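Undergrad: Provided herewith is a single structure, encoded as structure tokens, for subsequent inquiry.
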Amino acid sequence: MKFLSSGESHGKALAGIIDDFPSGVNIDFSYINNELKRRQSGYGRGKRMDIEKDSLEVLSGVRHGETIGSPISFLIYNKDWENWKEKMAVEFSDSKAENTKDLKILNPRPGHADFAGYTKYRLDDIRNVIERSSARETAVRVAAGGFAKILLKNFNIFVYSFVTQIGEIELDFCDSYQELNEDIYLRAEESDLRCPDEKVTDNMKKEIDAAVKKGDTLGGKFVLFAKRIPVGLGSYSQWNRRLDAKIAHAIISIPAIKAVEIGNGVSSAKSSGINFHDEIFYSVEEGFYRKTNNAGGIEGGVTNGEDIIISAYMKPIPTTSAGLKTVNIKTKKNESSLKERSDTCAVPSASVVGEAMLAIVLADELQEKFGRDSLPEMLENYKNYCKYMKNI
Ligand SMILES: Cc1cc2nc3c(=O)[nH]c(=O)nc-3n(C[C@H](O)[C@H](O)[C@H](O)COP(=O)(O)O)c2cc1C
């Protein structure tokens with residue numbers, strides 16, 4: 001599956017097209033709408049999320065609740081559009097141009113695409129950059145990810161996330177990742193910060209409250225994991241078919257994600273071969289298995305049957321209410337950056353976007369291995385493959 005998104009943050013709607021999604025998949029729209037809701041929640045988010053109540057309007061590719069193999073297109077309306085109709089009008093009118101000409105933004109925000117976007121596209125208003133580079137676009141990713149998760153569910157594959165760090169506050173989490181299970185995820189779902197530990201959640205909230213007081217913002221870290229992944233997704237045969245590379249691309253494409261780690265990739269640099277690599281064992285009951293998962297489920301760019309484990313590091317939100325120093329592009333005078341309504345911390349939301357991106361990559365790989373056209377065909381091929389795996 002592939003997807004494209006379009007839409008401005010304060011335009012009428014965001015739009016998505018998913019291409020190459022198999023036929024025969026039952027789509028539960030309430031599940032996808034709930035995914036959109038999960039992206040919108042989290043302690044530390046700004047007032048915009050009080051306005052938007054995202055939900056999906058599907059235009060094509062699904063009939064009587066089931067996919068038909070055609071492109072799936074959908075809209076997510078921006079409720080805030082009502083307040084921006086004039087500023088974000090699509091059609092030209094003299095009066096709208098006159099009313100909005102003094103609202104042009106010319107002081108680029110550090111940490112955003114503002115300066116480079118204004119220059120690259122030869123624009124005369126940074127508003128045009130802000131609107132598309134905004135993380136509002138990630139709502140489309142989460143909706144597309146909802147379709148991907150539904151497809152994965154048919155293979156009993158689930159993707160989970162939880163938050164392990166906000167600013168300086170870190171969850172002390174076992175390095176070997178042997179504790180990863182659905183329970184961690186369920187506890188994360190109960191937390192306003194998607195952190196599975198209540199006490200740490202409270203400390204994280206205090207950290208956010210302190211940042212709000214200072215007009216500052218925070219980043220953090222989240223972990224993604226996917227369970228019951230078959231051996232053999234991805235390939236070592238070409239650089240761009242390696243699954244770890246595809247996942248890193250997908251996750252680092254999320255706005256503000258600045259580093260991606262596969263398994264214990266960061267500490268591998270200071271570990272030794274004997275300590276780091278996950279030795280292989282066999283038992284009749286379990287088949288081939290590992291006692292550790294430092295590789296995060298991927299060796300040589302291919303899944304090895306263990307859980308996929310990814311960590312993502314998010315920088316602090318660039319829009320701070322205290323402002324940051326910048327320069328007006330026209331006057332060249334020093335100014336403070338724009339303080340548009342903004343989140344203080346969006347790590348929990350980013351983790352939900354991370355789940356979506358990981359699900360999309362895995363759904364695409366599953367199709368690559370078991371067929372792109374129809375779910376029944378994929379399931380047949382998958383069953384045969386499982387039989388083959390049992391007998392090797
Ligand atoms: C879910 C989510 C919400 C975000 N909310 C904001 C926000 O309210 N204000 C802001 O300045 N940046 C926000 N960001 C981060 C910016 O979108 C991002 O830093 C910016 O687009 C520049 O991209 P880069 O950080 O990848 O270079 C958010 C990111 C995510 C993933």
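Simple scheme: letters A, B, ... for chains in structure tokens order, numbers from 1 for residues in each chain, numbers from 1 for ligands in the order shown.
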Collect all residues with atoms no farther than 9 Å from ligand 1, counting only C-alpha atoms and all ligand atoms, and output them as an MDAnalysis selection string.
TA: chainID A and resid 39:40 45:46 48 109:114 130 132:139 252:258 314:320 339:354
Undergrad: Write out, as a tab-separated table (two decimals), in the first residue's frame, the residues just selected, with N, CA and C atoms.
TA:
chain	number	residue	atom	x	y	z
A	39	ARG	N	-4.67	10.21	18.35
A	39	ARG	CA	-3.63	11.15	17.91
A	39	ARG	C	-3.87	12.54	18.52
A	40	GLN	N	-5.15	12.87	18.76
A	40	GLN	CA	-5.45	14.22	19.22
A	40	GLN	C	-5.28	14.41	20.72
A	45	ARG	N	-0.92	19.19	24.92
A	45	ARG	CA	-1.31	19.65	23.59
A	45	ARG	C	-2.00	21.01	23.67
A	46	GLY	N	-2.01	21.73	22.55
A	46	GLY	CA	-2.53	23.10	22.55
A	46	GLY	C	-4.04	23.15	22.37
A	48	ARG	N	-5.81	24.00	19.86
A	48	ARG	CA	-6.36	23.58	18.56
A	48	ARG	C	-7.09	22.25	18.70
A	109	ARG	N	10.06	31.10	11.90
A	109	ARG	CA	10.26	30.47	13.21
A	109	ARG	C	11.46	29.53	13.14
A	110	PRO	N	12.46	29.70	14.00
A	110	PRO	CA	13.55	28.73	14.06
A	110	PRO	C	12.97	27.34	14.37
A	111	GLY	N	13.56	26.32	13.77
A	111	GLY	CA	13.11	24.95	14.04
A	111	GLY	C	12.00	24.49	13.13
A	112	HIS	N	11.49	25.41	12.29
A	112	HIS	CA	10.44	25.06	11.33
A	112	HIS	C	10.99	25.22	9.91
A	113	ALA	N	10.17	24.82	8.92
A	113	ALA	CA	10.58	24.94	7.52
A	113	ALA	C	10.40	26.37	7.01
A	114	ASP	N	10.00	27.32	7.87
A	114	ASP	CA	9.56	28.65	7.43
A	114	ASP	C	10.55	29.35	6.50
A	130	ILE	N	3.84	27.45	6.66
A	130	ILE	CA	3.30	26.98	7.93
A	130	ILE	C	2.14	26.01	7.70
A	132	ARG	N	1.32	23.95	5.28
A	132	ARG	CA	1.54	22.59	4.79
A	132	ARG	C	2.58	21.84	5.62
A	133	SER	N	3.54	22.57	6.20
A	133	SER	CA	4.57	21.85	6.97
A	133	SER	C	4.08	21.51	8.37
A	134	SER	N	2.89	22.01	8.72
A	134	SER	CA	2.33	21.73	10.04
A	134	SER	C	2.08	20.23	10.24
A	135	ALA	N	2.21	19.79	11.49
A	135	ALA	CA	1.98	18.37	11.80
A	135	ALA	C	0.49	18.01	11.76
A	136	ARG	N	-0.36	18.96	11.42
A	136	ARG	CA	-1.78	18.64	11.21
A	136	ARG	C	-1.92	17.53	10.15
A	137	GLU	N	-0.98	17.54	9.20
A	137	GLU	CA	-0.94	16.53	8.13
A	137	GLU	C	-0.87	15.10	8.69
A	138	THR	N	-0.37	14.95	9.91
A	138	THR	CA	-0.20	13.59	10.44
A	138	THR	C	-1.54	12.91	10.72
A	139	ALA	N	-2.64	13.70	10.70
A	139	ALA	CA	-3.97	13.07	10.85
A	139	ALA	C	-4.20	12.11	9.67
A	252	ILE	N	11.33	8.70	10.70
A	252	ILE	CA	12.01	10.01	10.76
A	252	ILE	C	11.27	11.04	9.90
A	253	SER	N	10.36	10.58	9.05
A	253	SER	CA	9.55	11.53	8.27
A	253	SER	C	8.48	12.20	9.13
A	254	ILE	N	8.28	11.72	10.35
A	254	ILE	CA	7.30	12.37	11.23
A	254	ILE	C	7.90	13.69	11.71
A	255	PRO	N	7.16	14.80	11.58
A	255	PRO	CA	7.72	16.09	11.99
A	255	PRO	C	8.29	16.03	13.40
A	256	ALA	N	9.47	16.59	13.56
A	256	ALA	CA	10.16	16.74	14.86
A	256	ALA	C	10.87	15.47	15.34
A	257	ILE	N	10.75	14.35	14.62
A	257	ILE	CA	11.52	13.15	15.01
A	257	ILE	C	12.92	13.31	14.45
A	258	LYS	N	13.90	13.26	15.32
A	258	LYS	CA	15.28	13.56	14.92
A	258	LYS	C	16.20	12.37	14.97
A	314	MET	N	12.14	12.69	19.79
A	314	MET	CA	11.47	13.89	19.28
A	314	MET	C	12.10	15.13	19.88
A	315	LYS	N	12.36	16.11	19.05
A	315	LYS	CA	12.94	17.37	19.56
A	315	LYS	C	11.83	18.19	20.23
A	316	PRO	N	12.19	19.22	21.02
A	316	PRO	CA	11.14	20.06	21.61
A	316	PRO	C	10.37	20.81	20.52
A	317	ILE	N	9.09	21.03	20.74
A	317	ILE	CA	8.25	21.79	19.79
A	317	ILE	C	8.91	23.14	19.51
A	318	PRO	N	9.05	23.53	18.24
A	318	PRO	CA	9.77	24.78	17.94
A	318	PRO	C	9.02	26.07	18.28
A	319	THR	N	7.68	26.04	18.29
A	319	THR	CA	6.95	27.28	18.61
A	319	THR	C	6.88	27.42	20.12
A	320	THR	N	7.57	28.42	20.66
A	320	THR	CA	7.54	28.60	22.12
A	320	THR	C	6.79	29.89	22.43
A	339	LYS	N	4.05	33.42	17.80
A	339	LYS	CA	3.62	32.60	18.94
A	339	LYS	C	2.23	32.03	18.68
A	340	GLU	N	2.04	31.51	17.49
A	340	GLU	CA	0.72	30.97	17.15
A	340	GLU	C	0.37	29.81	18.10
A	341	ARG	N	-0.95	29.70	18.39
A	341	ARG	CA	-1.45	28.62	19.26
A	341	ARG	C	-0.71	27.30	18.96
A	342	SER	N	-0.18	26.70	19.98
A	342	SER	CA	0.75	25.60	19.71
A	342	SER	C	0.79	24.61	20.88
A	343	ASP	N	1.31	23.42	20.60
A	343	ASP	CA	1.48	22.41	21.66
A	343	ASP	C	2.71	22.74	22.50
A	344	THR	N	2.67	22.32	23.77
A	344	THR	CA	3.89	22.40	24.60
A	344	THR	C	4.70	21.12	24.42
A	345	CYS	N	3.99	20.02	24.30
A	345	CYS	CA	4.65	18.72	24.14
A	345	CYS	C	3.70	17.82	23.34
A	346	ALA	N	4.20	17.15	22.33
A	346	ALA	CA	3.31	16.31	21.50
A	346	ALA	C	3.88	14.90	21.34
A	347	VAL	N	4.70	14.47	22.31
A	347	VAL	CA	5.31	13.13	22.18
A	347	VAL	C	4.24	12.02	22.16
A	348	PRO	N	3.20	12.08	23.03
A	348	PRO	CA	2.19	11.02	22.97
A	348	PRO	C	1.51	10.94	21.60
A	349	SER	N	1.18	12.10	21.03
A	349	SER	CA	0.55	12.09	19.69
A	349	SER	C	1.51	11.54	18.66
A	350	ALA	N	2.78	11.95	18.75
A	350	ALA	CA	3.76	11.47	17.78
A	350	ALA	C	3.89	9.95	17.86
A	351	SER	N	3.70	9.39	19.07
A	351	SER	CA	3.82	7.93	19.19
A	351	SER	C	2.67	7.24	18.44
A	352	VAL	N	1.50	7.87	18.44
A	352	VAL	CA	0.36	7.29	17.69
A	352	VAL	C	0.64	7.40	16.18
A	353	VAL	N	1.24	8.52	15.78
A	353	VAL	CA	1.63	8.67	14.36
A	353	VAL	C	2.70	7.61	14.02
A	354	GLY	N	3.60	7.36	14.96
A	354	GLY	CA	4.64	6.34	14.77
A	354	GLY	C	4.03	4.97	14.54
Undergrad: Got a sec: who's within 12 Å of Glu368 of chain A, counting only C-alpha atoms, leaving out chain neighbours fewer than 2 positions off, as a VMD selection string?
TA: chain A and resid 1 to 2 20 to 22 232 to 235 241 243 361 to 366 370 to 373 378 381 to 382
Undergrad: Could you write out that same residue set with N, CA and C atoms as a CSV table (one decimal), in the first residue's frame?
TA:
chain,number,residue,atom,x,y,z
A,1,MET,N,0.8,-1.2,0.0
A,1,MET,CA,0.0,0.0,0.0
A,1,MET,C,0.9,1.2,0.0
A,2,LYS,N,0.4,2.3,-0.7
A,2,LYS,CA,1.1,3.5,-0.7
A,2,LYS,C,0.0,4.6,-0.3
A,20,ASP,N,-3.3,0.7,-3.9
A,20,ASP,CA,-2.7,-0.7,-3.8
A,20,ASP,C,-3.1,-1.3,-2.5
A,21,PHE,N,-4.3,-1.1,-2.1
A,21,PHE,CA,-4.8,-1.8,-0.8
A,21,PHE,C,-5.6,-3.0,-1.3
A,22,PRO,N,-5.4,-4.2,-0.7
A,22,PRO,CA,-6.1,-5.4,-1.2
A,22,PRO,C,-7.6,-5.3,-1.0
A,232,GLY,N,11.1,-13.0,7.4
A,232,GLY,CA,11.3,-12.9,5.9
A,232,GLY,C,10.7,-11.6,5.3
A,233,LEU,N,10.2,-10.6,6.1
A,233,LEU,CA,9.8,-9.4,5.5
A,233,LEU,C,11.0,-8.5,5.3
A,234,GLY,N,11.1,-7.8,4.2
A,234,GLY,CA,12.3,-7.0,3.8
A,234,GLY,C,13.3,-7.9,3.1
A,235,SER,N,14.4,-7.3,2.7
A,235,SER,CA,15.4,-8.1,2.0
A,235,SER,C,16.8,-7.5,2.2
A,241,ARG,N,15.8,-2.2,-0.1
A,241,ARG,CA,14.7,-3.2,0.3
A,241,ARG,C,14.9,-3.6,1.7
A,243,LEU,N,14.4,-3.7,5.4
A,243,LEU,CA,13.3,-3.2,6.2
A,243,LEU,C,13.7,-2.2,7.3
A,361,VAL,N,4.3,0.6,6.7
A,361,VAL,CA,5.5,-0.1,6.2
A,361,VAL,C,5.3,-1.6,6.3
A,362,LEU,N,4.8,-2.1,7.4
A,362,LEU,CA,4.6,-3.6,7.6
A,362,LEU,C,3.5,-4.1,6.7
A,363,ALA,N,2.4,-3.3,6.5
A,363,ALA,CA,1.3,-3.8,5.6
A,363,ALA,C,1.9,-3.9,4.2
A,364,ASP,N,2.7,-2.9,3.8
A,364,ASP,CA,3.2,-2.9,2.4
A,364,ASP,C,4.2,-4.2,2.2
A,365,GLU,N,5.0,-4.4,3.3
A,365,GLU,CA,5.9,-5.6,3.2
A,365,GLU,C,5.1,-6.9,3.2
A,366,LEU,N,4.1,-7.0,3.9
A,366,LEU,CA,3.2,-8.2,3.9
A,366,LEU,C,2.6,-8.4,2.6
A,370,PHE,N,3.1,-11.6,0.3
A,370,PHE,CA,2.0,-12.6,0.2
A,370,PHE,C,1.0,-12.2,-0.9
A,371,GLY,N,1.2,-11.1,-1.6
A,371,GLY,CA,0.3,-10.7,-2.7
A,371,GLY,C,-0.4,-9.4,-2.4
A,372,ARG,N,-0.6,-8.6,-3.5
A,372,ARG,CA,-1.1,-7.2,-3.3
A,372,ARG,C,-2.6,-7.1,-3.5
A,373,ASP,N,-3.2,-8.1,-4.2
A,373,ASP,CA,-4.5,-7.8,-4.8
A,373,ASP,C,-5.7,-8.1,-3.8
A,378,MET,N,-3.9,-13.3,-0.1
A,378,MET,CA,-2.8,-13.1,0.9
A,378,MET,C,-2.8,-14.2,2.0
A,381,ASN,N,-1.6,-17.6,0.8
A,381,ASN,CA,-0.2,-17.6,0.7
A,381,ASN,C,0.5,-17.6,2.1
A,382,TYR,N,-0.1,-16.9,3.0
A,382,TYR,CA,0.5,-16.8,4.3
A,382,TYR,C,0.4,-18.2,5.0
Undergrad: Quick one: everything within 6 Å of segment 8-16 of chain A, counting only C-alpha atoms, minus sequence neighbours fewer than 2 positions away in the same chain. Send it as JSON, numbers by chain.
TA: {"A": [4, 5, 6, 73, 74, 75, 76, 77, 78, 81, 131, 132, 136, 140]}
Undergrad: The selected residues should be written to file as an mmCIF file, in the first residue's frame (atoms: N, CA and C atoms).
TA:
data_model
loop_
_atom_site.group_PDB
_atom_site.id
_atom_site.type_symbol
_atom_site.label_atom_id
_atom_site.label_comp_id
_atom_site.auth_asym_id
_atom_site.auth_seq_id
_atom_site.Cartn_x
_atom_site.Cartn_y
_atom_site.Cartn_z
ATOM 1 N N LEU A 4 -0.807 9.040 -0.231
ATOM 2 C CA LEU A 4 -0.430 10.439 -0.426
ATOM 3 C C LEU A 4 -1.382 11.271 0.405
ATOM 4 N N SER A 5 -0.881 12.405 0.901
ATOM 5 C CA SER A 5 -1.791 13.297 1.625
ATOM 6 C C SER A 5 -1.759 14.669 0.966
ATOM 7 N N SER A 6 -2.824 15.433 1.186
ATOM 8 C CA SER A 6 -2.789 16.848 0.808
ATOM 9 C C SER A 6 -3.600 17.606 1.841
ATOM 10 N N SER A 73 -10.025 6.823 -1.165
ATOM 11 C CA SER A 73 -9.781 8.249 -0.909
ATOM 12 C C SER A 73 -10.666 8.694 0.248
ATOM 13 N N PHE A 74 -10.157 9.661 1.004
ATOM 14 C CA PHE A 74 -10.933 10.121 2.168
ATOM 15 C C PHE A 74 -10.612 11.573 2.511
ATOM 16 N N LEU A 75 -11.523 12.174 3.255
ATOM 17 C CA LEU A 75 -11.348 13.553 3.735
ATOM 18 C C LEU A 75 -11.420 13.580 5.256
ATOM 19 N N ILE A 76 -10.663 14.496 5.835
ATOM 20 C CA ILE A 76 -10.814 14.811 7.266
ATOM 21 C C ILE A 76 -11.014 16.330 7.310
ATOM 22 N N TYR A 77 -12.197 16.751 7.687
ATOM 23 C CA TYR A 77 -12.488 18.192 7.655
ATOM 24 C C TYR A 77 -11.804 18.917 8.811
ATOM 25 N N ASN A 78 -11.363 20.155 8.546
ATOM 26 C CA ASN A 78 -10.818 21.025 9.595
ATOM 27 C C ASN A 78 -11.935 21.914 10.117
ATOM 28 N N TRP A 81 -11.517 25.702 9.985
ATOM 29 C CA TRP A 81 -11.673 26.363 8.668
ATOM 30 C C TRP A 81 -12.680 27.511 8.751
ATOM 31 N N GLU A 131 1.292 26.367 6.744
ATOM 32 C CA GLU A 131 0.059 25.609 6.546
ATOM 33 C C GLU A 131 0.298 24.166 6.128
ATOM 34 N N ARG A 132 1.318 23.954 5.281
ATOM 35 C CA ARG A 132 1.537 22.591 4.789
ATOM 36 C C ARG A 132 2.578 21.838 5.620
ATOM 37 N N ARG A 136 -0.363 18.962 11.416
ATOM 38 C CA ARG A 136 -1.785 18.638 11.212
ATOM 39 C C ARG A 136 -1.920 17.530 10.152
ATOM 40 N N VAL A 140 -3.767 12.507 8.476
ATOM 41 C CA VAL A 140 -3.944 11.632 7.301
ATOM 42 C C VAL A 140 -3.124 10.359 7.473
#
Undergrad: Measuring between only C-alpha atoms, which one of A:Ile150, A:Val163, A:Lys104, A:Ile298 shows the shortest distance to Arg187 of chain A?
TA: A:Val163
Undergrad: Would you work out the distance separating atom CA of Ser374 of chain A from atom CA of Ala143 of chain A, expressed in Å to one decimal?
TA: 20.5 Å
Undergrad: Could you write out, as a PDB file with C-alpha atoms, in the first residue's frame, all the residues of segment 55-147 of chain A that DSSP marks as strand (DSSP E or B)?
TA:
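The resulting file, selection.pdb, is reproduced below:
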ATOM      1  CA  LEU A  56     -13.094  10.289   8.369  1.00  0.00           C
ATOM      2  CA  GLU A  57     -15.298  10.693   5.288  1.00  0.00           C
ATOM      3  CA  VAL A  58     -14.446   7.930   2.821  1.00  0.00           C
ATOM      4  CA  LEU A  59     -15.160   8.780  -0.818  1.00  0.00           C
ATOM      5  CA  SER A  60     -14.038   5.693  -2.706  1.00  0.00           C
ATOM      6  CA  VAL A  62     -14.823   0.786   0.017  1.00  0.00           C
ATOM      7  CA  ARG A  63     -18.253  -0.672  -0.748  1.00  0.00           C
ATOM      8  CA  GLU A  66     -15.422  -3.851   2.406  1.00  0.00           C
ATOM      9  CA  THR A  67     -12.439  -2.764   0.292  1.00  0.00           C
ATOM     10  CA  ILE A  72      -9.296   4.503  -1.229  1.00  0.00           C
ATOM     11  CA  SER A  73      -9.781   8.249  -0.909  1.00  0.00           C
ATOM     12  CA  PHE A  74     -10.933  10.121   2.168  1.00  0.00           C
ATOM     13  CA  LEU A  75     -11.348  13.553   3.735  1.00  0.00           C
ATOM     14  CA  ILE A  76     -10.814  14.811   7.266  1.00  0.00           C
ATOM     15  CA  TYR A  77     -12.488  18.192   7.655  1.00  0.00           C
TER      16      TYR A  77
END
Undergrad: Would you kindly return, as a list in words, each protein, DNA or RNA residue with an atom no farther than 9 Å from any atom of Lys205 of chain A, considering only C-alpha atoms and excluding same-chain residues fewer than 5 positions away?
TA: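 Counting only the stated atoms, we get Tyr43, Gly44, Ile166, Asp192, Leu193, Val200 and Ala210 of chain A.
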Undergrad: Go through segment 158-189 of chain A and collect every residue that DSSP, computed from the backbone, puts in helix (DSSP H, G or I); the answer should be as a PyMOL selection string.
TA: chain A and resi 182-189
Undergrad: What would the file look like if the residues just selected were written as a PDB file, in the first residue's frame with C-alpha atoms?
TA:
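New file again-v8.pdb:
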ATOM      1  CA  GLU A 182       0.281  -5.992  25.400  1.00  0.00           C
ATOM      2  CA  ASP A 183       0.025  -5.161  29.104  1.00  0.00           C
ATOM      3  CA  ILE A 184       2.559  -2.331  28.739  1.00  0.00           C
ATOM      4  CA  TYR A 185       0.504  -0.952  25.914  1.00  0.00           C
ATOM      5  CA  LEU A 186      -2.758  -1.198  27.868  1.00  0.00           C
ATOM      6  CA  ARG A 187      -1.171   0.673  30.765  1.00  0.00           C
ATOM      7  CA  ALA A 188       0.116   3.298  28.317  1.00  0.00           C
ATOM      8  CA  GLU A 189      -3.426   3.711  26.963  1.00  0.00           C
TER       9      GLU A 189
END
Undergrad: Determine the nearest neighbour of Gly220 of chain A from the options A:Phe92, A:Tyr118, A:Tyr313, A:Phe173, counting only C-alpha atoms.
TA: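 For Gly220 of chain A, the nearest of the given residues is A:Tyr313.
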Undergrad: Measuring atom to atom with only C-alpha atoms, identify which of A:Ile17, A:Ala89, A:Pro108, A:Ile51 is nearest to Lys330 of chain A.
TA: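 Of all the options, A:Pro108 lies closest to Lys330 of chain A.
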Undergrad: Between A:Lys325, A:Ile27, A:Ser337, A:Phe147, single out the one closest to Leu106 of chain A, counting only C-alpha atoms.
TA: A:Ser337
Undergrad: Between A:Ser41, A:Ser70, A:Thr292, A:Ser311, which one has atoms that come closest to Ala259 of chain A, using only C-alpha atoms?
TA: A:Ser311
